[in-house]
$ cat target25.txt   # compact mmCIF, C-alpha atoms
# COMPACT_ATOMS: atom_id res chain seq x y z
CA MET G 1 -17.65 -2.80 -18.80
CA ARG G 2 -16.68 0.65 -17.63
CA ALA G 3 -13.03 0.95 -16.64
CA VAL G 4 -10.06 3.27 -16.29
CA VAL G 5 -7.44 2.38 -18.91
CA TYR G 6 -4.03 3.66 -19.96
CA ARG G 7 -2.27 2.80 -23.21
CA GLU G 8 1.11 4.45 -22.61
CA PHE G 9 3.29 5.52 -19.71
CA GLY G 10 2.94 9.08 -18.48
CA GLY G 11 1.21 11.47 -16.11
CA PRO G 12 -2.39 11.34 -14.89
CA GLU G 13 -3.55 12.54 -18.29
CA VAL G 14 -2.87 9.09 -19.82
CA LEU G 15 -5.70 7.63 -17.72
CA THR G 16 -8.88 7.42 -19.77
CA TRP G 17 -12.40 6.71 -18.59
CA GLY G 18 -13.95 4.31 -21.05
CA THR G 19 -14.69 0.67 -21.68
CA ALA G 20 -12.80 -2.61 -21.57
CA ALA G 21 -13.71 -6.22 -22.17
CA VAL G 22 -15.23 -8.04 -19.22
CA PRO G 23 -12.58 -10.54 -18.03
CA GLU G 24 -13.62 -14.18 -18.10
CA PRO G 25 -12.58 -16.40 -15.19
CA GLY G 26 -10.34 -19.29 -16.15
CA PRO G 27 -10.04 -22.61 -14.30
CA GLY G 28 -9.93 -22.02 -10.57
CA GLU G 29 -10.47 -18.26 -10.93
CA ILE G 30 -13.08 -15.97 -9.42
CA ARG G 31 -14.57 -12.92 -11.10
CA VAL G 32 -15.78 -10.12 -8.85
CA ARG G 33 -18.04 -7.15 -9.32
CA VAL G 34 -15.84 -4.39 -7.89
CA ARG G 35 -17.48 -2.06 -5.39
CA ALA G 36 -14.40 -0.09 -4.29
CA ALA G 37 -10.72 0.09 -5.25
CA GLY G 38 -7.82 1.39 -3.20
CA VAL G 39 -5.46 4.01 -4.62
CA ASN G 40 -1.78 3.48 -3.78
CA PRO G 41 1.51 5.19 -4.67
CA VAL G 42 2.48 2.10 -6.65
CA ASP G 43 -0.41 2.88 -9.01
CA TYR G 44 1.14 6.11 -10.28
CA LYS G 45 4.62 4.56 -10.26
CA ARG G 46 3.32 1.80 -12.53
CA ARG G 47 1.63 4.44 -14.72
CA TYR G 48 5.00 6.15 -15.21
CA GLY G 49 6.73 2.82 -15.91
CA TRP G 50 9.02 3.18 -12.91
CA VAL G 51 8.50 -0.31 -11.44
CA GLU G 52 8.44 -2.51 -14.53
CA GLN G 53 10.94 -4.92 -12.95
CA TYR G 54 8.33 -5.75 -10.31
CA TYR G 55 5.05 -5.12 -12.15
CA PRO G 56 5.47 -5.55 -15.92
CA THR G 57 2.80 -3.78 -17.97
CA THR G 58 0.82 -5.05 -20.94
CA PHE G 59 -1.13 -2.34 -22.74
CA PRO G 60 -3.95 -1.47 -22.59
CA ALA G 61 -3.65 -1.64 -18.80
CA VAL G 62 -6.20 -1.23 -16.01
CA PRO G 63 -4.62 0.18 -12.81
CA GLY G 64 -5.19 -0.94 -9.27
CA LEU G 65 -4.05 -3.79 -7.05
CA GLU G 66 -6.65 -3.93 -4.26
CA PHE G 67 -10.43 -4.12 -4.24
CA SER G 68 -13.55 -5.02 -2.38
CA GLY G 69 -16.65 -6.36 -4.08
CA VAL G 70 -19.03 -9.23 -4.67
CA VAL G 71 -18.29 -12.60 -6.28
CA ASP G 72 -19.88 -12.56 -9.72
CA ALA G 73 -18.77 -15.76 -11.49
CA LEU G 74 -16.61 -18.81 -10.90
CA GLY G 75 -14.24 -20.52 -13.29
CA GLU G 76 -14.20 -24.29 -13.58
CA GLY G 77 -13.03 -25.85 -10.34
CA ALA G 78 -13.02 -22.60 -8.35
CA GLU G 79 -13.75 -23.25 -4.70
CA GLY G 80 -14.19 -21.42 -1.42
CA PHE G 81 -16.65 -18.77 -2.54
CA ALA G 82 -20.05 -18.54 -4.20
CA PRO G 83 -21.72 -15.85 -6.30
CA GLY G 84 -22.97 -13.08 -4.03
CA ASP G 85 -20.24 -13.47 -1.41
CA GLU G 86 -18.68 -10.20 -0.27
CA VAL G 87 -14.90 -10.35 -0.63
CA MET G 88 -11.76 -8.22 -0.54
CA GLY G 89 -8.18 -8.60 -1.62
CA TRP G 90 -6.02 -8.35 -4.73
CA THR G 91 -6.81 -8.49 -8.43
CA ARG G 92 -4.96 -10.02 -11.37
CA THR G 93 -6.57 -7.78 -14.00
CA GLY G 94 -6.77 -4.33 -12.37
CA ALA G 95 -9.14 -2.95 -9.77
CA TYR G 96 -10.16 0.31 -11.51
CA ALA G 97 -12.96 -1.48 -13.36
CA GLU G 98 -16.48 -2.78 -12.91
CA TYR G 99 -15.27 -6.39 -13.01
CA ALA G 100 -11.95 -8.01 -12.17
CA ILE G 101 -10.39 -11.43 -11.77
CA ALA G 102 -9.49 -11.94 -8.13
CA GLY G 103 -6.02 -12.92 -7.04
CA ASP G 104 -5.53 -13.46 -3.32
CA VAL G 105 -8.99 -12.92 -1.88
CA VAL G 106 -10.67 -13.35 1.52
CA ALA G 107 -14.15 -12.85 2.92
CA LYS G 108 -14.99 -9.25 3.78
CA PRO G 109 -16.01 -8.81 7.43
CA ALA G 110 -19.61 -7.62 7.63
CA ALA G 111 -18.55 -4.81 9.95
CA LEU G 112 -16.38 -3.24 7.23
CA SER G 113 -17.82 -1.04 4.50
CA PHE G 114 -16.70 -1.76 0.97
CA GLU G 115 -14.69 1.47 1.06
CA GLN G 116 -12.86 0.53 4.25
CA ALA G 117 -12.27 -3.03 3.06
CA ALA G 118 -10.66 -1.81 -0.17
CA ALA G 119 -8.22 0.30 1.88
CA VAL G 120 -6.74 -2.59 3.84
CA PRO G 121 -4.89 -5.13 1.64
CA VAL G 122 -1.92 -3.22 0.18
CA ALA G 123 -1.00 -0.90 3.06
CA ALA G 124 -1.30 -3.59 5.72
CA GLU G 125 0.55 -6.28 3.75
CA THR G 126 3.34 -3.87 2.86
CA ALA G 127 3.81 -2.79 6.47
CA ARG G 128 3.72 -6.36 7.76
CA ARG G 129 6.08 -7.62 5.04
CA VAL G 130 8.77 -5.01 5.71
CA LEU G 131 8.60 -5.38 9.48
CA THR G 132 9.04 -9.13 8.96
CA GLU G 133 12.00 -8.58 6.62
CA LEU G 134 13.59 -6.31 9.22
CA GLY G 135 13.11 -8.92 11.93
CA LEU G 136 11.85 -6.27 14.37
CA THR G 137 11.34 -7.52 17.92
CA ALA G 138 10.21 -6.22 21.30
CA GLY G 139 12.54 -3.71 22.91
CA GLU G 140 14.10 -2.55 19.64
CA THR G 141 13.89 0.93 18.10
CA LEU G 142 12.56 1.39 14.57
CA LEU G 143 13.12 4.52 12.49
CA LEU G 144 10.14 4.84 10.15
CA HIS G 145 10.24 7.38 7.32
CA SER G 146 6.85 8.76 6.19
CA ALA G 147 5.12 7.50 9.30
CA ALA G 148 1.88 9.43 8.67
CA GLY G 149 1.12 7.80 5.31
CA ALA G 150 -1.14 4.77 5.06
CA VAL G 151 1.68 2.21 5.14
CA GLY G 152 3.46 4.17 7.85
CA GLN G 153 0.39 4.34 10.06
CA VAL G 154 -0.09 0.58 9.93
CA ALA G 155 3.62 -0.01 10.53
CA VAL G 156 3.59 2.27 13.60
CA GLN G 157 0.72 0.32 15.11
CA LEU G 158 2.07 -3.13 14.27
CA ALA G 159 5.55 -2.26 15.54
CA ALA G 160 4.16 -0.79 18.76
CA ALA G 161 2.10 -3.94 19.25
CA LEU G 162 5.34 -5.94 19.02
CA GLY G 163 6.74 -3.86 21.87
CA ALA G 164 9.12 -1.80 19.75
CA THR G 165 9.79 1.93 20.02
CA VAL G 166 8.95 3.78 16.79
CA VAL G 167 10.60 7.06 15.79
CA GLY G 168 8.55 8.36 12.88
CA THR G 169 9.47 11.12 10.43
CA ALA G 170 6.67 13.42 9.31
CA SER G 171 5.80 17.06 8.81
CA PRO G 172 5.15 18.96 12.07
CA ALA G 173 1.43 19.09 11.24
CA ASN G 174 1.30 15.30 11.69
CA HIS G 175 3.26 15.05 14.93
CA ALA G 176 0.30 15.07 17.32
CA PHE G 177 -1.41 12.45 15.16
CA LEU G 178 1.65 10.19 15.30
CA ARG G 179 1.89 10.52 19.06
CA ARG G 180 -1.70 9.26 19.30
CA LEU G 181 -0.71 6.22 17.21
CA GLY G 182 2.21 5.52 19.55
CA ALA G 183 5.21 6.94 17.67
CA VAL G 184 7.86 9.47 18.67
CA PRO G 185 7.65 12.04 15.84
CA VAL G 186 10.57 13.93 14.32
CA ALA G 187 10.60 16.38 11.42
CA TYR G 188 12.24 15.31 8.19
CA GLY G 189 14.70 17.45 6.25
CA GLU G 190 18.11 18.95 7.03
CA GLY G 191 19.48 17.83 10.41
CA LEU G 192 17.31 14.69 10.51
CA ALA G 193 20.05 12.44 11.89
CA ASP G 194 20.66 14.75 14.86
CA ARG G 195 16.94 14.93 15.64
CA VAL G 196 16.66 11.14 15.55
CA ARG G 197 19.64 10.79 17.90
CA ALA G 198 17.97 13.19 20.33
CA ALA G 199 14.69 11.26 20.13
CA ALA G 200 16.39 7.85 20.37
CA PRO G 201 19.68 8.15 22.30
CA GLN G 202 19.67 4.36 22.62
CA GLY G 203 20.27 4.14 18.86
CA VAL G 204 18.29 2.80 15.91
CA ASP G 205 18.06 -0.96 15.40
CA ALA G 206 16.21 -0.95 12.07
CA VAL G 207 14.96 1.48 9.43
CA PHE G 208 11.76 1.26 7.37
CA ASP G 209 11.81 3.79 4.54
CA ALA G 210 8.39 4.56 3.06
CA ALA G 211 9.36 8.05 1.87
CA GLY G 212 12.21 7.61 -0.59
CA HIS G 213 13.36 11.23 -0.73
CA GLY G 214 16.78 11.90 0.83
CA THR G 215 16.21 9.29 3.50
CA LEU G 216 18.87 6.64 2.90
CA ARG G 217 22.03 8.66 3.57
CA PRO G 218 20.99 9.67 7.13
CA SER G 219 19.57 6.18 7.68
CA VAL G 220 22.89 4.53 6.87
CA GLU G 221 24.62 7.09 9.08
CA LEU G 222 22.31 6.27 11.98
CA ARG G 223 22.98 2.57 11.49
CA GLY G 224 26.70 3.16 11.94
CA GLY G 225 27.59 3.37 8.27
CA THR G 226 25.96 0.08 7.26
CA ALA G 227 22.87 -0.79 5.22
CA ASP G 228 22.18 -3.71 7.53
CA ARG G 229 18.51 -3.83 8.63
CA ILE G 230 17.38 -0.99 6.36
CA VAL G 231 14.57 -1.67 3.88
CA THR G 232 12.92 0.77 1.47
CA ILE G 233 9.68 0.61 -0.48
CA ALA G 234 10.20 3.99 -2.14
CA ALA G 235 13.82 5.06 -2.70
CA THR G 236 14.95 4.91 -6.33
CA ASP G 237 18.60 5.22 -5.22
CA ALA G 238 18.45 2.14 -2.98
CA ALA G 239 21.13 0.26 -4.92
CA GLU G 240 23.57 3.14 -4.46
CA TYR G 241 23.46 2.57 -0.71
CA GLY G 242 23.19 -1.23 -0.82
CA VAL G 243 19.67 -1.06 0.63
CA PRO G 244 17.17 -3.75 -0.45
CA PHE G 245 13.98 -2.58 -2.19
CA SER G 246 10.93 -4.50 -1.00
CA ALA G 247 8.14 -4.70 -3.58
CA ALA G 248 6.47 -8.11 -3.54
CA GLY G 249 7.16 -11.78 -3.05
CA THR G 250 5.04 -12.75 -0.05
CA PRO G 251 3.60 -16.25 -0.67
CA SER G 252 -0.10 -16.28 -1.55
CA ASP G 253 -1.15 -18.31 1.49
CA VAL G 254 0.60 -15.80 3.76
CA VAL G 255 -0.95 -12.84 1.91
CA ARG G 256 -4.42 -14.30 2.40
CA ALA G 257 -3.82 -15.05 6.07
CA TRP G 258 -2.45 -11.56 6.71
CA THR G 259 -5.27 -9.87 4.78
CA ALA G 260 -7.91 -11.73 6.77
CA GLU G 261 -6.13 -10.92 10.04
CA HIS G 262 -5.68 -7.23 9.21
CA ALA G 263 -9.32 -6.95 8.12
CA ARG G 264 -10.46 -8.38 11.45
CA LEU G 265 -8.23 -5.97 13.35
CA VAL G 266 -9.69 -2.99 11.47
CA ALA G 267 -13.24 -4.29 11.89
CA ASP G 268 -12.66 -4.75 15.63
CA GLY G 269 -11.19 -1.26 16.01
CA ARG G 270 -7.75 -2.58 16.96
CA LEU G 271 -6.03 -1.24 13.84
CA ALA G 272 -6.74 2.25 12.52
CA LEU G 273 -6.51 2.86 8.76
CA PRO G 274 -8.67 5.86 7.87
CA VAL G 275 -10.18 6.47 4.44
CA VAL G 276 -9.53 10.20 4.02
CA ALA G 277 -11.23 10.70 0.65
CA THR G 278 -13.36 8.79 -1.84
CA PHE G 279 -13.76 9.47 -5.56
CA PRO G 280 -16.06 8.09 -8.25
CA LEU G 281 -14.12 5.68 -10.49
CA ALA G 282 -14.38 8.19 -13.34
CA ASP G 283 -12.25 10.61 -11.26
CA ALA G 284 -9.33 8.19 -10.91
CA ALA G 285 -6.89 10.64 -12.50
CA GLU G 286 -7.67 13.23 -9.83
CA ALA G 287 -7.23 10.64 -7.07
CA GLN G 288 -3.84 9.66 -8.48
CA ARG G 289 -2.78 13.33 -8.71
CA LEU G 290 -3.56 13.68 -5.02
CA SER G 291 -1.69 10.48 -4.21
CA GLU G 292 1.32 11.57 -6.25
CA GLY G 293 1.45 14.90 -4.43
CA GLY G 294 2.08 13.10 -1.14
CA HIS G 295 1.05 14.23 2.35
CA VAL G 296 -2.10 12.07 2.35
CA ARG G 297 -2.84 10.96 5.92
CA GLY G 298 -4.59 7.70 5.19
CA LYS G 299 -6.19 6.02 2.19
CA LEU G 300 -7.77 7.25 -1.00
CA VAL G 301 -10.53 4.99 -2.40
CA LEU G 302 -12.41 4.85 -5.69
CA THR G 303 -16.08 3.80 -5.58
CA LEU G 304 -18.28 2.17 -8.18

$ encode --input "target25.txt" --output "structure tokens"
Amino acid sequence: MRAVVYREFGGPEVLTWGTAAVPEPGPGEIRVRVRAAGVNPVDYKRRYGWVEQYYPTTFPAVPGLEFSGVVDALGEGAEGFAPGDEVMGWTRTGAYAEYAIAGDVVAKPAALSFEQAAAVPVAAETARRVLTELGLTAGETLLLHSAAGAVGQVAVQLAAALGATVVGTASPANHAFLRRLGAVPVAYGEGLADRVRAAAPQGVDAVFDAAGHGTLRPSVELRGGTADRIVTIAATDAAEYGVPFSAAGTPSDVVRAWTAEHARLVADGRLALPVVATFPLADAAEAQRLSEGGHVRGKLVLTL
């Protein structure tokens, strides 16, 4: 099969467009014909070897966590789906390929394109997981770093739906966009803590860091000098501040339930998660370069 493969850690140049063996489904497994694959920051972090403690790599490796596609074959005892069913979710063998073994998978709503469906699983699960870990409730104020990114956008909407106030950091070019989503925008950079205090004089009850660049020091300051109720998905210096790093661990049954729920919300127009650019699978290196550069307002998707 055609696939994107890397055989060593490094920059986008280690990604090669070539062939790989078609994975065979084992007992209880489902093989899918991938139609679209989401591109996420964790993809380039795995390519560099930065998150081996959470996602250990065996070379040669196929990148990609999330996909949409069509059920192609069933392993012995596999249930719940039949060949030809349109599905979406997570892969065990890498999504940047023509075929993949499905992990946590749900039916794709007919109203969603394959491109839109592939954009949902990772960003929505990550946002939901961290908000759950923070224990955010109605009436509280959340400080959300990198609010205009894909995870941030979902988190803004889910937190607002809970009845929380969201103060979101972003570049000034994204402030009007964040207001439309329901957040109070503030610029990041020098003087951030003072700007957050002005935007939220009632104080900050919890902090969701999806940026990871110079965010934890002012976050701890705004929480009164404590790391309590601060969670990061991006900061490499989290341990220095005593801040937990959230990477995975949601039980499979919960992941499937959340993915199905988030897909319905997007299909019904109640959750916005725009696909801002699509690339042919062969151009995966270019898509990861764009992702690594940051400032992407939404999702990047590879198509097959």

$ residues_near_point --input "target25.txt" --point "(12.3, -2.2, 10.2)" --cutoff "8 Å" --atoms "all atoms listed in the file" --output "number ranges by chain"
G: 130-136, 142-144, 205-208, 229-231

$ residues_around --input "target25.txt" --residues "Ser146 (chain G)" --least-positions-apart "6" --cutoff "6 Å" --atoms "all atoms listed in the file" --output "NGL selection string"
:G and (152 or 169-170 or 210-211)

$ write_last_selection --input "target25.txt" --atoms "C-alpha atoms" --output "PDB file, in the frame of the given file"
ATOM      1  CA  GLY G 152       3.460   4.170   7.850  1.00  0.00           C
ATOM      2  CA  THR G 169       9.470  11.120  10.430  1.00  0.00           C
ATOM      3  CA  ALA G 170       6.670  13.420   9.310  1.00  0.00           C
ATOM      4  CA  ALA G 210       8.390   4.560   3.060  1.00  0.00           C
ATOM      5  CA  ALA G 211       9.360   8.050   1.870  1.00  0.00           C
TER       6      ALA G 211
END

$ closest_residue --input "target25.txt" --among "G:Leu300, G:Ala267, G:Val51, G:Val184" --to "Ala110 (chain G)" --atoms "all atoms listed in the file"
G:Ala267

$ residues_around --input "target25.txt" --residues "Arg179 (chain G)" --least-positions-apart "6" --cutoff "10 Å" --atoms "only C-alpha atoms" --output "PyMOL selection string"
chain G and resi 167-168+185

$ residues_around --input "target25.txt" --residues "Glu140 (chain G)" --least-positions-apart "6" --cutoff "9 Å" --atoms "only C-alpha atoms" --output "ChimeraX atom specification"
/G:163-166,204-206

$ closest_residue --input "target25.txt" --among "G:Glu29, G:Ala119, G:Phe114, G:Phe81" --to "Gly69 (chain G)" --atoms "all atoms listed in the file"
G:Phe114

$ residues_around --input "target25.txt" --residues "region 32-41 of chain G" --least-positions-apart "5" --cutoff "8 Å" --atoms "all atoms listed in the file" --output "PyMOL selection string"
chain G and resi 64-73+95-102+114-115+118-119+122+287-288+291-292+299-304

$ write_last_selection --input "target25.txt" --atoms "C-alpha atoms" --output "CSV table (one decimal), in the frame of the given file"
chain,number,residue,atom,x,y,z
G,64,GLY,CA,-5.2,-0.9,-9.3
G,65,LEU,CA,-4.0,-3.8,-7.0
G,66,GLU,CA,-6.6,-3.9,-4.3
G,67,PHE,CA,-10.4,-4.1,-4.2
G,68,SER,CA,-13.6,-5.0,-2.4
G,69,GLY,CA,-16.6,-6.4,-4.1
G,70,VAL,CA,-19.0,-9.2,-4.7
G,71,VAL,CA,-18.3,-12.6,-6.3
G,72,ASP,CA,-19.9,-12.6,-9.7
G,73,ALA,CA,-18.8,-15.8,-11.5
G,95,ALA,CA,-9.1,-3.0,-9.8
G,96,TYR,CA,-10.2,0.3,-11.5
G,97,ALA,CA,-13.0,-1.5,-13.4
G,98,GLU,CA,-16.5,-2.8,-12.9
G,99,TYR,CA,-15.3,-6.4,-13.0
G,100,ALA,CA,-12.0,-8.0,-12.2
G,101,ILE,CA,-10.4,-11.4,-11.8
G,102,ALA,CA,-9.5,-11.9,-8.1
G,114,PHE,CA,-16.7,-1.8,1.0
G,115,GLU,CA,-14.7,1.5,1.1
G,118,ALA,CA,-10.7,-1.8,-0.2
G,119,ALA,CA,-8.2,0.3,1.9
G,122,VAL,CA,-1.9,-3.2,0.2
G,287,ALA,CA,-7.2,10.6,-7.1
G,288,GLN,CA,-3.8,9.7,-8.5
G,291,SER,CA,-1.7,10.5,-4.2
G,292,GLU,CA,1.3,11.6,-6.2
G,299,LYS,CA,-6.2,6.0,2.2
G,300,LEU,CA,-7.8,7.2,-1.0
G,301,VAL,CA,-10.5,5.0,-2.4
G,302,LEU,CA,-12.4,4.8,-5.7
G,303,THR,CA,-16.1,3.8,-5.6
G,304,LEU,CA,-18.3,2.2,-8.2

$ residues_near_point --input "target25.txt" --point "(-5.9, 5.8, 7.5)" --cutoff "7 Å" --atoms "only C-alpha atoms" --output "ChimeraX atom specification"
/G:150,153,272-276,297-299

$ atom_distance --input "target25.txt" --atom1 "CA of Gly182 (chain G)" --atom2 "CA of Ala159 (chain G)"
9.4 Å

$ atom_distance --input "target25.txt" --atom1 "CA of Gly94 (chain G)" --atom2 "CA of Gly149 (chain G)"
22.8 Å

$ atom_distance --input "target25.txt" --atom1 "CA of Ala61 (chain G)" --atom2 "CA of Thr232 (chain G)"
26.3 Å
